[in-house]
$ cat entry04.cif   # mmCIF, C-alpha atoms and all ligand atoms
data_my_file
#
loop_
_atom_site.label_atom_id
_atom_site.label_comp_id
_atom_site.auth_asym_id
_atom_site.auth_seq_id
_atom_site.Cartn_x
_atom_site.Cartn_y
_atom_site.Cartn_z
CA MET A 1 158.61 74.66 106.66
CA PRO A 2 156.92 72.12 104.32
CA ASP A 3 154.52 73.53 101.74
CA ILE A 4 151.06 74.33 103.04
CA ASP A 5 148.83 73.07 100.26
CA LEU A 6 145.46 74.84 100.17
CA ARG A 7 144.81 74.30 96.44
CA SER A 8 142.05 71.76 96.96
CA ASP A 9 140.55 69.21 99.33
CA THR A 10 141.42 66.58 96.70
CA ILE A 11 145.14 66.63 97.53
CA THR A 12 144.84 64.60 100.75
CA ARG A 13 146.66 61.29 101.03
CA PRO A 14 145.08 58.15 102.52
CA SER A 15 145.48 57.95 106.30
CA ASP A 16 147.23 54.95 107.88
CA GLY A 17 143.91 53.47 108.97
CA MET A 18 142.53 53.93 105.47
CA ARG A 19 145.53 52.17 103.89
CA GLN A 20 145.06 49.32 106.35
CA ALA A 21 141.39 49.02 105.40
CA MET A 22 142.33 49.04 101.72
CA ALA A 23 144.95 46.33 102.20
CA GLU A 24 142.44 44.12 103.97
CA ALA A 25 139.49 44.71 101.62
CA GLU A 26 137.61 41.68 100.36
CA VAL A 27 137.24 42.08 96.59
CA GLY A 28 135.61 40.56 93.49
CA ASP A 29 134.77 41.56 89.93
CA ASP A 30 132.39 44.50 90.20
CA VAL A 31 131.27 44.33 86.56
CA TYR A 32 129.71 41.02 87.66
CA GLY A 33 128.39 42.76 90.77
CA GLU A 34 130.64 40.48 92.84
CA ASP A 35 132.77 42.89 94.82
CA PRO A 36 131.48 42.59 98.39
CA THR A 37 133.17 45.79 99.56
CA ILE A 38 131.70 47.84 96.71
CA ASN A 39 128.31 46.33 97.43
CA ARG A 40 128.65 47.30 101.08
CA LEU A 41 129.67 50.85 100.17
CA GLN A 42 126.72 51.21 97.79
CA ASP A 43 124.31 49.96 100.46
CA ARG A 44 125.85 52.29 103.04
CA VAL A 45 125.55 55.37 100.86
CA ALA A 46 122.04 54.48 99.69
CA ALA A 47 121.02 54.25 103.37
CA LEU A 48 122.75 57.49 104.32
CA LEU A 49 121.03 59.34 101.48
CA ASP A 50 117.72 57.48 102.00
CA LYS A 51 117.64 56.18 98.41
CA ASP A 52 116.76 52.71 97.07
CA ALA A 53 120.11 52.01 95.44
CA ALA A 54 123.56 53.40 94.73
CA LEU A 55 126.42 52.95 92.29
CA PHE A 56 130.16 53.37 92.82
CA VAL A 57 131.82 55.37 90.03
CA PRO A 58 135.43 56.46 89.45
CA SER A 59 134.99 60.24 89.70
CA GLY A 60 132.60 63.07 90.40
CA THR A 61 132.74 64.17 86.81
CA MET A 62 131.60 60.74 85.68
CA ALA A 63 128.88 60.82 88.34
CA ASN A 64 127.53 64.09 86.96
CA GLN A 65 127.72 62.88 83.37
CA ILE A 66 126.05 59.57 84.15
CA CYS A 67 123.21 61.41 85.92
CA LEU A 68 122.66 63.76 82.97
CA GLN A 69 122.78 60.88 80.47
CA VAL A 70 120.23 58.89 82.47
CA LEU A 71 117.83 61.81 82.96
CA THR A 72 117.84 63.31 79.44
CA ASP A 73 117.43 62.65 75.74
CA PRO A 74 119.63 64.39 73.17
CA GLY A 75 118.39 67.92 72.50
CA ASP A 76 117.05 68.38 76.02
CA GLU A 77 118.08 71.29 78.17
CA VAL A 78 119.60 71.32 81.66
CA LEU A 79 119.06 74.36 83.89
CA LEU A 80 121.99 75.08 86.19
CA GLU A 81 123.83 77.88 87.91
CA ARG A 82 126.47 79.73 85.88
CA SER A 83 129.31 78.90 88.30
CA SER A 84 128.47 75.18 88.43
CA HIS A 85 131.03 72.43 87.92
CA VAL A 86 128.97 70.83 85.13
CA PHE A 87 129.02 74.10 83.19
CA ASN A 88 132.63 75.12 83.83
CA TYR A 89 134.86 72.21 84.65
CA GLU A 90 133.76 69.12 82.76
CA SER A 91 135.43 69.76 79.42
CA GLY A 92 132.12 70.14 77.58
CA ALA A 93 131.19 66.56 78.43
CA ALA A 94 127.42 67.10 78.63
CA GLY A 95 127.33 68.14 74.97
CA LEU A 96 129.72 65.40 73.93
CA LEU A 97 128.24 62.48 75.85
CA SER A 98 124.55 63.29 76.17
CA GLY A 99 123.88 65.86 73.43
CA VAL A 100 122.20 68.21 75.87
CA GLN A 101 122.19 71.99 76.00
CA LEU A 102 123.19 73.69 79.23
CA HIS A 103 121.20 76.75 80.27
CA PRO A 104 123.15 78.77 82.84
CA LEU A 105 121.29 81.03 85.28
CA ASP A 106 122.87 83.66 87.53
CA GLY A 107 122.10 82.63 91.07
CA ASP A 108 122.77 84.02 94.51
CA ARG A 109 126.30 82.91 95.60
CA GLY A 110 126.12 79.90 93.31
CA ARG A 111 122.61 78.91 94.31
CA LEU A 112 119.46 78.89 92.22
CA ALA A 113 116.11 80.07 93.56
CA ALA A 114 112.84 78.31 92.88
CA ASP A 115 111.13 81.24 91.12
CA GLN A 116 114.13 81.76 88.88
CA VAL A 117 113.96 78.12 87.82
CA ALA A 118 110.24 78.46 87.13
CA ASP A 119 110.90 81.53 84.95
CA ALA A 120 113.60 79.73 82.97
CA VAL A 121 111.59 76.65 82.04
CA ARG A 122 111.01 76.67 78.28
CA PRO A 123 107.55 76.93 76.82
CA ASN A 124 106.11 73.81 75.27
CA ALA A 125 106.80 75.01 71.71
CA VAL A 126 108.11 73.21 68.67
CA VAL A 127 111.03 75.63 68.39
CA ALA A 128 112.11 75.40 72.04
CA PRO A 129 114.48 72.87 73.57
CA ARG A 130 112.75 70.73 76.15
CA SER A 131 113.69 71.69 79.70
CA ARG A 132 114.34 68.36 81.40
CA VAL A 133 116.65 68.68 84.37
CA VAL A 134 117.50 71.25 86.98
CA SER A 135 120.97 70.66 88.36
CA ILE A 136 122.16 72.10 91.67
CA GLU A 137 125.41 71.84 93.61
CA ASN A 138 125.57 71.54 97.41
CA THR A 139 127.90 72.97 98.42
CA ALA A 140 128.37 75.39 95.52
CA ASN A 141 132.11 75.10 94.94
CA LYS A 142 133.08 78.05 92.75
CA ALA A 143 130.91 80.42 94.78
CA GLY A 144 132.97 79.47 97.86
CA GLY A 145 131.56 76.26 99.31
CA VAL A 146 128.15 77.86 99.78
CA VAL A 147 125.43 75.79 101.44
CA TYR A 148 121.89 75.28 100.13
CA ALA A 149 119.51 75.04 103.06
CA PRO A 150 116.85 72.28 102.93
CA ASP A 151 113.91 74.65 102.35
CA ARG A 152 115.57 76.17 99.31
CA ILE A 153 116.17 72.73 97.81
CA GLN A 154 112.60 71.70 98.62
CA ALA A 155 111.22 74.78 96.87
CA ILE A 156 113.27 74.03 93.75
CA ALA A 157 112.12 70.40 93.85
CA GLU A 158 108.50 71.57 93.90
CA VAL A 159 109.02 73.79 90.86
CA ALA A 160 110.83 70.93 89.12
CA ALA A 161 107.95 68.55 89.83
CA ASP A 162 105.38 71.12 88.62
CA HIS A 163 107.19 71.35 85.29
CA ASP A 164 108.10 67.67 84.89
CA LEU A 165 111.80 68.31 85.40
CA PHE A 166 114.17 65.98 87.20
CA LEU A 167 116.25 67.38 90.04
CA HIS A 168 119.93 66.45 89.91
CA LEU A 169 122.12 67.14 92.94
CA ASP A 170 125.90 67.38 92.59
CA GLY A 171 126.91 66.49 96.13
CA ALA A 172 130.68 66.54 95.72
CA ARG A 173 130.64 68.26 99.12
CA LEU A 174 127.22 67.25 100.41
CA TRP A 175 128.99 65.93 103.53
CA ASN A 176 130.26 69.45 104.20
CA ALA A 177 126.82 70.95 103.65
CA ALA A 178 125.23 68.48 106.08
CA THR A 179 127.95 69.17 108.65
CA ALA A 180 127.55 72.93 108.35
CA LEU A 181 123.76 72.75 108.63
CA GLY A 182 123.76 70.11 111.35
CA VAL A 183 121.35 67.91 109.37
CA ASP A 184 121.56 64.39 107.92
CA GLU A 185 122.77 64.00 104.36
CA ALA A 186 119.41 62.34 103.64
CA THR A 187 117.56 65.55 104.48
CA LEU A 188 119.47 67.30 101.71
CA ALA A 189 119.29 64.39 99.25
CA THR A 190 115.63 63.43 99.55
CA PRO A 191 114.22 66.02 97.12
CA ALA A 192 116.68 64.99 94.36
CA ASP A 193 115.91 62.32 91.76
CA LEU A 194 119.60 61.53 91.42
CA VAL A 195 122.29 62.64 93.84
CA TRP A 196 125.95 61.76 94.20
CA VAL A 197 128.59 62.22 96.86
CA ALA A 198 132.37 62.29 96.54
CA LEU A 199 134.70 60.18 98.62
CA SER A 200 137.82 61.92 97.30
CA LYS A 201 137.23 65.50 98.44
CA GLY A 202 136.95 66.35 102.14
CA LEU A 203 136.54 62.69 103.09
CA GLY A 204 140.08 62.01 101.95
CA ALA A 205 139.74 58.76 99.95
CA PRO A 206 142.01 58.39 96.91
CA ALA A 207 139.20 58.07 94.34
CA GLY A 208 135.54 57.42 93.83
CA SER A 209 132.07 58.87 94.06
CA VAL A 210 128.69 57.24 94.65
CA VAL A 211 125.49 58.00 92.72
CA ALA A 212 122.19 57.27 94.51
CA GLY A 213 118.54 57.19 93.51
CA PRO A 214 115.60 54.93 92.75
CA SER A 215 116.49 51.39 91.58
CA SER A 216 115.25 51.97 88.02
CA LEU A 217 117.51 54.98 87.57
CA ILE A 218 120.49 53.26 89.21
CA ASP A 219 120.03 50.26 86.89
CA ALA A 220 120.18 52.68 83.96
CA ALA A 221 123.19 54.39 85.53
CA ARG A 222 125.03 51.05 85.75
CA ARG A 223 124.63 50.58 82.01
CA THR A 224 125.74 54.17 81.32
CA ARG A 225 128.76 53.73 83.60
CA LYS A 226 129.86 50.81 81.40
CA GLN A 227 129.27 52.85 78.22
CA PHE A 228 131.41 55.66 79.63
CA GLY A 229 134.22 53.24 80.47
CA GLY A 230 133.69 53.39 84.22
CA GLY A 231 133.14 49.69 84.95
CA MET A 232 135.94 48.66 87.28
CA ARG A 233 136.93 45.21 88.50
CA GLN A 234 138.45 44.61 91.98
CA ALA A 235 137.83 48.22 92.94
CA GLY A 236 136.74 47.13 96.42
CA ILE A 237 140.17 48.37 97.42
CA LEU A 238 138.87 51.86 96.67
CA ALA A 239 135.45 51.21 98.15
CA ALA A 240 137.16 50.15 101.39
CA ALA A 241 138.80 53.57 101.50
CA GLY A 242 135.37 55.15 101.02
CA LEU A 243 133.75 53.10 103.78
CA TYR A 244 136.64 53.96 106.08
CA ALA A 245 136.32 57.65 105.20
CA ILE A 246 132.60 57.69 105.93
CA ALA A 247 133.12 56.03 109.30
CA HIS A 248 136.32 57.74 110.45
CA HIS A 249 136.96 60.91 108.47
CA ARG A 250 133.46 62.34 108.09
CA PRO A 251 133.25 63.39 111.76
CA ASP A 252 136.35 65.57 111.20
CA LEU A 253 134.78 67.81 108.56
CA SER A 254 133.71 70.43 111.10
CA LYS A 255 137.42 70.95 111.86
CA ASP A 256 137.99 71.82 108.21
CA HIS A 257 135.24 74.42 108.52
CA ASP A 258 136.86 75.88 111.65
CA LYS A 259 140.18 76.11 109.80
CA ALA A 260 138.54 77.89 106.87
CA GLN A 261 136.83 80.33 109.24
CA ARG A 262 140.16 81.11 110.94
CA LEU A 263 141.85 81.53 107.57
CA ALA A 264 139.15 83.95 106.42
CA GLU A 265 139.35 85.97 109.63
CA GLY A 266 143.11 86.23 109.23
CA LEU A 267 142.92 87.17 105.55
CA ALA A 268 140.38 89.85 106.40
CA THR A 269 143.19 91.60 108.32
CA CYS A 270 145.60 91.43 105.35
CA PRO A 271 144.72 94.38 103.12
CA PRO A 272 144.73 94.78 100.16
CA PHE A 273 143.20 91.29 100.26
CA THR A 274 139.50 91.31 101.06
CA VAL A 275 137.18 88.55 102.21
CA GLU A 276 133.92 88.38 104.11
CA PRO A 277 134.38 85.70 106.82
CA ASP A 278 130.60 85.50 107.30
CA ASP A 279 130.35 84.22 103.72
CA VAL A 280 132.54 81.21 104.51
CA ASP A 281 129.99 78.44 105.11
CA THR A 282 132.26 75.40 104.89
CA ASN A 283 135.87 74.60 103.89
CA ILE A 284 136.38 77.00 100.97
CA VAL A 285 137.63 80.57 101.26
CA ILE A 286 137.43 82.85 98.23
CA PHE A 287 139.28 86.12 98.62
CA GLU A 288 139.81 89.14 96.40
CA VAL A 289 143.19 90.58 95.50
CA PRO A 290 144.14 93.74 93.57
CA THR A 291 142.76 93.77 90.02
CA GLY A 292 144.33 91.28 87.65
CA GLN A 293 146.95 90.06 90.12
CA ALA A 294 145.62 86.66 91.16
CA ASP A 295 148.00 84.56 89.02
CA HIS A 296 150.99 86.65 90.03
CA ILE A 297 150.18 86.53 93.75
CA VAL A 298 149.57 82.77 93.62
CA ASP A 299 153.02 82.33 92.00
CA GLU A 300 154.71 84.51 94.57
CA LEU A 301 153.01 82.82 97.52
CA GLN A 302 153.95 79.45 96.08
CA ALA A 303 157.57 80.52 96.38
CA GLU A 304 156.79 81.18 100.07
CA GLY A 305 155.44 77.65 100.44
CA ILE A 306 151.72 78.56 100.38
CA LEU A 307 149.83 76.81 97.59
CA LEU A 308 146.56 78.38 96.44
CA THR A 309 144.34 78.27 93.33
CA PRO A 310 143.70 81.35 91.17
CA PHE A 311 139.93 81.47 90.67
CA GLY A 312 139.60 84.51 88.40
CA PRO A 313 141.73 87.52 87.49
CA SER A 314 141.32 89.04 90.96
CA THR A 315 140.13 86.05 92.95
CA ILE A 316 141.99 83.28 94.79
CA ARG A 317 140.59 80.11 96.36
CA ALA A 318 141.95 78.47 99.50
CA THR A 319 140.49 75.12 100.54
CA THR A 320 141.03 73.47 103.91
CA HIS A 321 141.18 69.70 104.30
CA ARG A 322 142.27 66.96 106.68
CA ASP A 323 145.95 67.13 105.72
CA VAL A 324 146.34 70.76 106.79
CA SER A 325 146.31 71.47 110.53
CA MET A 326 145.11 74.56 112.39
CA THR A 327 148.80 75.20 113.19
CA ALA A 328 149.57 75.16 109.47
CA ILE A 329 146.75 77.65 108.90
CA GLU A 330 148.31 79.98 111.47
CA GLU A 331 151.71 79.56 109.77
CA ALA A 332 150.16 80.27 106.37
CA LEU A 333 148.54 83.44 107.73
CA GLN A 334 151.86 84.64 109.15
CA ALA A 335 153.60 84.01 105.83
CA ILE A 336 150.81 85.74 103.89
CA LYS A 337 150.85 88.71 106.25
CA ALA A 338 154.62 89.05 105.90
CA TYR A 339 154.35 88.79 102.12
CA VAL A 340 151.61 91.41 101.93
CA ASP A 341 153.56 93.83 104.14
CA ARG A 342 156.71 93.33 102.09
CA ARG A 343 155.36 93.22 98.56
CA LEU A 344 151.93 94.72 98.30
CA THR A 345 151.73 97.64 100.72
CA SER A 346 155.32 98.97 100.50
CA ALA A 347 154.84 100.36 97.00
CA THR A 348 152.82 103.39 98.15
CA PRO A 349 153.86 106.39 96.05
C1 LIG A 401 135.33 68.14 92.23
C2 LIG A 401 133.94 68.39 91.81
C3 LIG A 401 133.35 67.61 90.81
C4 LIG A 401 134.12 66.58 90.03
O1 LIG A 401 134.69 65.57 90.78
P1 LIG A 401 135.98 64.78 90.23
O2 LIG A 401 136.04 63.58 91.11
O3 LIG A 401 137.13 65.73 90.40
O4 LIG A 401 135.74 64.45 88.80
C5 LIG A 401 132.04 67.86 90.49
N1 LIG A 401 131.34 68.81 91.13
C6 LIG A 401 131.86 69.57 92.09
C7 LIG A 401 131.02 70.59 92.76
C8 LIG A 401 133.19 69.42 92.45
O5 LIG A 401 133.71 70.20 93.38
#
$ encode --input "entry04.cif" --output "structure tokens" --more "lines below"
Ligand SMILES: *Cc1c(COP(=O)(O)O)cnc(C)c1O
Amino acid sequence: MPDIDLRSDTITRPSDGMRQAMAEAEVGDDVYGEDPTINRLQDRVAALLDKDAALFVPSGTMANQICLQVLTDPGDEVLLERSSHVFNYESGAAGLLSGVQLHPLDGDRGRLAADQVADAVRPNAVVAPRSRVVSIENTANKAGGVVYAPDRIQAIAEVAADHDLFLHLDGARLWNAATALGVDEATLATPADLVWVALSKGLGAPAGSVVAGPSSLIDAARRTRKQFGGGMRQAGILAAAGLYAIAHHRPDLSKDHDKAQRLAEGLATCPPFTVEPDDVDTNIVIFEVPTGQADHIVDELQAEGILLTPFGPSTIRATTHRDVSMTAIEEALQAIKAYVDRRLTSATP
């Protein structure tokens, strides 16, 4: 049996149709704004998110960092949820690149609430940092691919507007959120001043994200992208993969959610592992293992051909994606069940 790789939805390889589209892409020098395929991708994403303009960037991390740079001045403060990618997984970039302070709040399954944001805004005092941005993630990755519903985002946007804060939306998996909610991506993006979406997660493109917002902010973002070293040349080859993914892979995301639901239901019958299948909103399953054993269990399951990501001392993440089939999920569950029976429940005293 080949390995069943559930570490991340970033591990997918371009499909045959995507490689074909990449091979045939019309290209030009994008630093001159002359790559027709990048220009088409930017227009497509701007339209999907109902924004004036959009900008293709190499990665989601750069997308986040460009957004923060554009929306802040050094010394400003960014309110975000404690489990957010910006706070945990960007190598301290916000301090390095933009000189901002991050203010983590403890949300509900990775999500902020409007009143909590209002309470956290700093007073207008000479000693206080200036609260400038509230940053949210839809879906909330570390919390388990948790979806923010439109009314919750709208309420946060209203608080942000009341306090002169910008709303930044990390939409690495906004496609998944829209699929799970059965709404357009634009419905989720409209309240945000700057939003970005990833092409290289569930959509299955090899690289790239797209930042969208009003033209003035996207013009500023283009300059910041160059400062951060993200100006690419004939990257229309990558944009072609993104356009292909939006047209042909996006409709498959609901299958990833079905696979995650099945995986969670199966894991729920594998004590001592625990998981609440009702908490699985999209393509990410977070499950609990006996205290302190996550690394060890991930290593042992790897030897069985099941690849997972340790997400804490007693927590493991499994992510479904287009390169893992429902059959592979069933096989993974059988292997996990056999492993648990053999290794974890036999040691009863
Ligand atoms: C993956 C991810 C990012 C970063 O994207 P990269 O392309 O890996 O740099 C940012 N935010 C969230 C929520 C993510 O899941």
$ closest_atom_pairs --input "entry04.cif" --of "chain A" --to "ligand LIG 401 (chain A)" --cutoff "9 Å" --atoms "all atoms listed in the file" --output "CSV"
residue,atom,partner,partner_atom,distance
A:Ser8,CA,A:LIG401,C1,9.0
A:Asp9,CA,A:LIG401,C1,8.9
A:Thr10,CA,A:LIG401,O3,7.7
A:Pro58,CA,A:LIG401,O2,7.3
A:Ser59,CA,A:LIG401,O2,3.8
A:Gly60,CA,A:LIG401,O1,3.3
A:Thr61,CA,A:LIG401,O4,3.6
A:Met62,CA,A:LIG401,O4,6.4
A:Ala63,CA,A:LIG401,O4,7.8
A:Asn64,CA,A:LIG401,C5,6.9
A:Ser84,CA,A:LIG401,C7,6.8
A:His85,CA,A:LIG401,N1,4.8
A:Val86,CA,A:LIG401,N1,6.8
A:Tyr89,CA,A:LIG401,C5,7.8
A:Glu90,CA,A:LIG401,C4,7.7
A:Glu137,CA,A:LIG401,C7,5.8
A:Asn138,CA,A:LIG401,C7,7.2
A:Thr139,CA,A:LIG401,C7,6.9
A:Ala140,CA,A:LIG401,C7,6.1
A:Asn141,CA,A:LIG401,C7,5.1
A:Lys142,CA,A:LIG401,C7,7.7
A:Gly145,CA,A:LIG401,C7,8.7
A:Asp170,CA,A:LIG401,N1,5.8
A:Gly171,CA,A:LIG401,C7,6.7
A:Ala172,CA,A:LIG401,C6,4.9
A:Arg173,CA,A:LIG401,C7,6.8
A:Ala198,CA,A:LIG401,O2,6.7
A:Leu199,CA,A:LIG401,O2,8.4
A:Ser200,CA,A:LIG401,O2,6.7
A:Lys201,CA,A:LIG401,C1,7.0
A:Ala207,CA,A:LIG401,O2,7.1
A:Gly208,CA,A:LIG401,O2,6.8
A:Ser209,CA,A:LIG401,O2,6.8
$ residues_around --input "entry04.cif" --residues "Leu102 (chain A)" --least-positions-apart "5" --cutoff "9 Å" --atoms "all atoms listed in the file" --output "ChimeraX atom specification"
/A:76-80,86-87,94-95
$ atom_distance --input "entry04.cif" --atom1 "CA of Ala118 (chain A)" --atom2 "CA of Asp106 (chain A)"
13.7 Å
$ residues_around --input "entry04.cif" --residues "Ala23 (chain A)" --least-positions-apart "6" --cutoff "12 Å" --atoms "all atoms listed in the file" --output "list in words"
Pro14, Asp16, Gly17, Ala235, Gly236, Ile237, Leu238, Ala239, Ala240, Ala241 and Tyr244 of chain A
$ closest_residue --input "entry04.cif" --among "A:Ser216, A:Gln101, A:Gln293, A:Thr315" --to "Asp52 (chain A)" --atoms "only C-alpha atoms"
A:Ser216
$ residues_around --input "entry04.cif" --residues "Leu6 (chain A)" --least-positions-apart "2" --cutoff "9 Å" --atoms "all atoms listed in the file" --output "mmCIF file with C-alpha atoms, in the frame of the given file"
data_model
loop_
_atom_site.group_PDB
_atom_site.id
_atom_site.type_symbol
_atom_site.label_atom_id
_atom_site.label_comp_id
_atom_site.auth_asym_id
_atom_site.auth_seq_id
_atom_site.Cartn_x
_atom_site.Cartn_y
_atom_site.Cartn_z
ATOM 1 C CA ILE A 4 151.060 74.330 103.040
ATOM 2 C CA SER A 8 142.050 71.760 96.960
ATOM 3 C CA ASP A 9 140.550 69.210 99.330
ATOM 4 C CA ILE A 11 145.140 66.630 97.530
ATOM 5 C CA ILE A 306 151.720 78.560 100.380
ATOM 6 C CA LEU A 307 149.830 76.810 97.590
ATOM 7 C CA LEU A 308 146.560 78.380 96.440
ATOM 8 C CA THR A 309 144.340 78.270 93.330
ATOM 9 C CA ARG A 317 140.590 80.110 96.360
ATOM 10 C CA ALA A 318 141.950 78.470 99.500
ATOM 11 C CA THR A 319 140.490 75.120 100.540
ATOM 12 C CA THR A 320 141.030 73.470 103.910
ATOM 13 C CA HIS A 321 141.180 69.700 104.300
ATOM 14 C CA VAL A 324 146.340 70.760 106.790
#
$ closest_residue --input "entry04.cif" --among "A:Lys226, A:Arg40, A:His296, A:Arg82" --to "Ala25 (chain A)" --atoms "all atoms listed in the file"
A:Arg40
$ residues_around --input "entry04.cif" --residues "Ala54 (chain A)" --least-positions-apart "3" --cutoff "7 Å" --atoms "all atoms listed in the file" --output "count of residues only"
9
$ atom_distance --input "entry04.cif" --atom1 "CA of Arg222 (chain A)" --atom2 "CA of Pro36 (chain A)"
16.5 Å
$ atom_distance --input "entry04.cif" --atom1 "CA of Asn39 (chain A)" --atom2 "CA of Thr224 (chain A)"
18.1 Å
